[in-house]
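Engineer: Okay, handing you the structure first.
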Amino acid sequence: MPETSTHPYTTVIGLEVHVQLATRSKLFCGCSTQFGAEPNTQTCPVCIGMPGTLPVLNRSAFALALKTAIALNCHIPEFTKWDRKQYYYPDLPKGYQISQYDLPMSVDGFLEISDPLEPYAPLRIGIIRAHLEEDAGKSIHDEVAGRADSEIDLNRTGTPLLEIVSEPDLRSPAASRIFLQELKLLLTYLGVSDCNMQEGSLRVDANVNLHLEANGQRVATPIVEIKNMNSFRAVQRALEYEASRQYRVWQETGQQLGQASKQTRGWDEAAGLTRPQRSKEESSDYRYLPDPDLVPITTSPAQVEQIRQSLGELPSALRARLVREGNLSDYDANVLINQGQELVDYYQAVAAKCNDPKTAANWVTQEVLRELKEREMTIAQIPIPAECLADLIHAIQQGQLPGTRAREVFTLMLNDQITAAEAIGKLGIEQVDESDLVALCQELIDANPKIVADVQGGKQQAIGALIGQAKKKNPNVDPGRVRSICLELAMKS
Amino acid sequence: MTALSRNDVEKVALLARLQLTDAELDTMTAQLGQILGYVDLLAEVDTTDVEPMAHAVELCNVFATDQVMPSLPRERALANAPRDNGRGYLVPAVLGD
């Protein structure tokens, strides 16, 4: 989606992404992280902040965070510690959140994305830091009752989050969306999060302002933080709205960065606009202090290197390889990769067996994906093994199957869970040419005067012997057709 | 160390959600000032070339296994709540979020 930059300003965007890590239990206690449980059934004295309890760090949460940070090309300091971020909110039972302040577990990384202004040109987006913290609970407001009580569910309290903060390197809403898609792809490949936005496993806040020229001077508008965006599309729309709103406000007031405090606005999806939210306490008011309940963590360069080696092929490298080895378009490679590792594995198996990556990619990205979507299946559930699809492609290449009927064969393979050859046979595609079939039958009639006489005498079943002979001469003949043609010819002779 | 001002105490009280009367503010400013002054004795120690400490005990890398343990029964979790509805804690409406 190339985007033309016709605005009289540059949009400057930094993103803050909270990712729920795929652990079984919470960050500092043994409560389950399973989504969707009855309210307040997954809490314990540690996560609801009872006095005298002691949090202990979940090893798996730290390992997943480390893996992600390394895949994001971050530097991993040898020493990291825990801090308390203090604020009052009903969904924060301890009155502070355990987070990381001045010594986060990772800093200075980057993620490469495709530039929407120049498709597929790599663009490097800096990552300021990625740190671990615990999630807060959830407030449920009674919309109807209006000002009635809020109900607090603390199941989510203490769930491990990785907060990933990008540099303000993004220059358009479209680039921001691509960054998020690429980040999600990476996280999914790493298996560190399910990235389900509906369930809150991936949350995005955006900081945005405009850089523009005024009277020959470069000026910037006040920075606004946007919250409450529930999809990547919403992020793009909210940023588009916010950029034009800021430009309008700047034209009206001329207010610049530093002349107004940082504002927080919430995205209203239905109305398609952002609205001001209650202003947050200044960052110094969080009164961060080292958490005395938790000891620091050390990570050696050797450990980091070992994890780096174990990461395997990451999506960006995989994409480049598919393009290079299979001669695929960037578009096809992206379609395959965006479906996840399993579909890529399937494609690779098909491509290797039929030795034609380009055709394999066409089949997988078109027919296979369409059927998966229509049948609401995953690639793991498809009843056509990769080698069977390769056989189908092979049959087309060998001229055994006209391309026009290939889709029919594919559908039958799916429906009946049979091989390409079986499906081709079942559809009668190996059918013998009609004139050849008539000639073959005539030959049999001529050679068997006794059978002809029997048939003419009323013994139709005598024709059976001819069917057997026909099948011997050409195994591809359709027995039913042989029978009716032979009967007709016998009666005429 | 600069002396603790009445404004500082007012701000800290707000952050701690404490409502102090004018008289209490005066008392607190004086008392907190004395406590901080006492702690400030530490400033006399020469800390050149001393690494800042991140933790009081010299222990690192304490981990727990990622294993689900039983949670509290809901009624016990809610037992200390000033108000609840059997499902969740009830608090005055949180608006504007």
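By order of appearance in the structure tokens: chains A, B, ..., then residues from 1 within every chain, and ligands from 1 in the order shown.
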Once you count only C-alpha atoms, what closest atom pair and distance in Å to one decimal does each residue of chain B within 7 Å of chain A have, with rows by chain and rising residue number, as CSV?

Structural biologist:
residue,atom,partner,partner_atom,distance
B:Ala54,CA,A:Pro290,CA,6.9
B:His55,CA,A:Pro292,CA,6.5
B:Leu59,CA,A:Val295,CA,6.3
B:Cys60,CA,A:Pro296,CA,5.1
B:Asn61,CA,A:Ile297,CA,4.7
B:Val62,CA,A:Val295,CA,6.9
B:Phe63,CA,A:Leu57,CA,5.0
B:Ala64,CA,A:Asn58,CA,5.0
B:Thr65,CA,A:Arg59,CA,5.9
B:Asp66,CA,A:Asn58,CA,5.7
B:Gln67,CA,A:Ser25,CA,5.8
B:Val68,CA,A:Gly30,CA,4.8
B:Met69,CA,A:Gly30,CA,4.6
B:Pro70,CA,A:Cys31,CA,6.7
B:Ser71,CA,A:Cys44,CA,5.2
B:Leu72,CA,A:Cys44,CA,5.2
B:Pro73,CA,A:Thr41,CA,6.4
B:Arg74,CA,A:Thr41,CA,5.3
B:Arg87,CA,A:Pro39,CA,6.0
B:Gly88,CA,A:Ile152,CA,5.3
B:Tyr89,CA,A:Ile152,CA,5.0
B:Leu90,CA,A:Glu151,CA,4.8
B:Val91,CA,A:Ser150,CA,5.4
B:Pro92,CA,A:Asp149,CA,4.8
B:Ala93,CA,A:Asp149,CA,4.5
B:Val94,CA,A:Ser150,CA,6.2
B:Gly96,CA,A:Gln277,CA,6.1
B:Asp97,CA,A:Gln277,CA,6.9

Engineer: Let me see the file: selected residues, C-alpha atoms, as a short mmCIF file (atom, residue, chain, number, x, y, z; two decimals), in the first residue's frame.

Structural biologist:
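Result written to result18.cif:
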data_model
loop_
_atom_site.label_atom_id
_atom_site.label_comp_id
_atom_site.auth_asym_id
_atom_site.auth_seq_id
_atom_site.Cartn_x
_atom_site.Cartn_y
_atom_site.Cartn_z
CA ALA B 54 20.54 -2.72 43.90
CA HIS B 55 19.55 -4.93 46.77
CA LEU B 59 21.76 -12.86 46.11
CA CYS B 60 20.82 -13.10 42.43
CA ASN B 61 18.72 -15.23 40.10
CA VAL B 62 16.06 -16.66 42.36
CA PHE B 63 13.44 -18.29 40.15
CA ALA B 64 10.24 -20.30 40.51
CA THR B 65 9.11 -22.99 38.08
CA ASP B 66 6.31 -22.00 35.72
CA GLN B 67 3.73 -24.24 37.31
CA VAL B 68 0.10 -23.51 38.15
CA MET B 69 -0.66 -23.72 41.86
CA PRO B 70 -4.09 -23.61 43.46
CA SER B 71 -5.59 -20.13 43.76
CA LEU B 72 -7.72 -18.83 46.60
CA PRO B 73 -11.39 -19.75 46.60
CA ARG B 74 -13.21 -16.63 45.44
CA ARG B 87 -18.09 -12.02 41.89
CA GLY B 88 -15.88 -9.02 42.22
CA TYR B 89 -14.71 -6.18 44.44
CA LEU B 90 -17.02 -3.19 44.29
CA VAL B 91 -15.44 0.24 44.14
CA PRO B 92 -16.81 3.70 43.41
CA ALA B 93 -17.26 4.10 39.64
CA VAL B 94 -14.00 4.48 37.75
CA GLY B 96 -12.84 8.26 32.01
CA ASP B 97 -10.75 5.17 31.35
#

Engineer: Determine which residues of chain B DSSP labels as strand (DSSP E or B) from the backbone of this structure, then write them out as a PyMOL selection string.

Structural biologist: chain B and resi 63-64+84+89-91

Engineer: Report as a list in words all protein, DNA and RNA residues lying within 12 Å of Lys471 (chain A), evaluated on only C-alpha atoms, omitting residues in the same chain fewer than 2 positions from it.

Structural biologist: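 So the residues in contact are Val432, Leu437, Leu440, Cys441, Leu444, Gly464, Ala465, Leu466, Ile467, Gly468, Gln469, Lys473, Asn474, Pro475, Asn476, Val477, Asp478, Pro479, Gly480, Arg481, Val482 and Arg483 of chain A.
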
Engineer: When you count only C-alpha atoms, which of these residues is closest to Asn209 (chain A): A:Leu314, A:Leu186, A:Ala386, A:Leu170?

Structural biologist: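 Of all the options, A:Leu170 lies closest to Asn209 (chain A).
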
Engineer: Within 6 Å of Arg84 (chain A), counting only C-alpha atoms, which residues show up once you throw out same-chain ones fewer than 5 positions away? Write them as an mmCIF file with N, CA and C atoms, in the first residue's frame, please.

Structural biologist:
data_model
loop_
_atom_site.group_PDB
_atom_site.id
_atom_site.type_symbol
_atom_site.label_atom_id
_atom_site.label_comp_id
_atom_site.auth_asym_id
_atom_site.auth_seq_id
_atom_site.Cartn_x
_atom_site.Cartn_y
_atom_site.Cartn_z
ATOM 1 N N TYR A 96 1.142 -0.533 43.905
ATOM 2 C CA TYR A 96 2.299 -0.352 43.009
ATOM 3 C C TYR A 96 2.355 -1.532 42.054
ATOM 4 N N GLN A 97 3.006 -1.280 40.926
ATOM 5 C CA GLN A 97 3.190 -2.331 39.921
ATOM 6 C C GLN A 97 4.657 -2.715 39.929
ATOM 7 N N ILE A 98 4.948 -4.010 39.924
ATOM 8 C CA ILE A 98 6.354 -4.413 39.832
ATOM 9 C C ILE A 98 6.758 -4.317 38.365
ATOM 10 N N TYR A 288 9.268 5.633 41.600
ATOM 11 C CA TYR A 288 9.920 4.330 41.416
ATOM 12 C C TYR A 288 10.919 4.097 42.535
ATOM 13 N N LEU A 289 10.934 2.900 43.063
ATOM 14 C CA LEU A 289 12.010 2.543 43.988
ATOM 15 C C LEU A 289 12.310 1.064 43.818
ATOM 16 N N ASP A 291 12.541 -2.738 44.205
ATOM 17 C CA ASP A 291 11.680 -3.617 44.981
ATOM 18 C C ASP A 291 12.533 -4.487 45.899
#

Engineer: Using only C-alpha atoms, which protein or nucleic acid residues come within 9 Å of Ala260 (chain A)? Drop anything in the same chain fewer than 5 positions from it, and give the result as a list in words.

Structural biologist: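 Final neighbour list, sorted by chain and number: Pro222, Ile223 and Gln255 of chain A.
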
Engineer: Generate the output file for the selected residues, C-alpha atoms, as a PDB file, in the first residue's frame.

Structural biologist:
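The new file out-v8.pdb reads:
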ATOM      1  CA  PRO A 222       2.773  18.798  21.519  1.00  0.00           C
ATOM      2  CA  ILE A 223       3.033  15.019  21.906  1.00  0.00           C
ATOM      3  CA  GLN A 255       0.790  25.699  20.096  1.00  0.00           C
TER       4      GLN A 255
END

Engineer: Residues at most 8 Å from Thr359 (chain A), counting only C-alpha atoms, excluding those fewer than 4 positions away in the same chain, as a PyMOL selection string?

Structural biologist: chain A and resi 351+363+393

Engineer: Give me, please, the distance in Å between CA of Gly200 (chain A) and CA of Pro315 (chain A), quoted to one decimal.

Structural biologist: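 Value for the CA of Gly200 (chain A)-CA of Pro315 (chain A) distance: 23.5 Å.
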
Engineer: Counting only C-alpha atoms, figure out which residue out of A:Gln339, A:Gln303, A:Ser493, A:Thr378 gets nearest to Thr365 (chain A).

Structural biologist: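 Using only C-alpha atoms, the shortest distance to Thr365 (chain A) belongs to A:Gln339.
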
Engineer: Using only C-alpha atoms, can you tell me which of A:Glu213, A:Glu163, A:Glu367, A:Glu182 comes closest to His7 (chain A)?

Structural biologist: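 When distances to His7 (chain A) are compared using only C-alpha atoms, the smallest one comes from A:Glu213.
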
Engineer: At what distance in Å, to one decimal, does CA of Cys388 (chain A) lie from CA of Arg405 (chain A)?

Structural biologist: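 So the answer is 16.3 Å.
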
Engineer: Would you give me, as an MDAnalysis selection string, the residues in chain B that DSSP reads as alpha helix (DSSP H)?

Structural biologist: chainID B and resid 6:15 22:39 74:77

Engineer: So how many Å separate CA of Val368 (chain A) and CA of Leu427 (chain A), to one decimal?

Structural biologist: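 Result for CA of Val368 (chain A) versus CA of Leu427 (chain A): 20.1 Å, one decimal.
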
Engineer: Contacts of Ala3 (chain B) at 9 Å or less, counting only C-alpha atoms, minus same-chain residues fewer than 5 places along, as a list in words?

Structural biologist: Gly33, Leu36 and Gly37 of chain B

Engineer: Residues of the last selection are to be written out with C-alpha atoms, as an mmCIF file, in the first residue's frame.

Structural biologist:
data_model
loop_
_atom_site.group_PDB
_atom_site.id
_atom_site.type_symbol
_atom_site.label_atom_id
_atom_site.label_comp_id
_atom_site.auth_asym_id
_atom_site.auth_seq_id
_atom_site.Cartn_x
_atom_site.Cartn_y
_atom_site.Cartn_z
ATOM 1 C CA GLY B 33 12.030 17.259 58.036
ATOM 2 C CA LEU B 36 15.073 13.284 56.611
ATOM 3 C CA GLY B 37 17.665 15.319 58.432
#
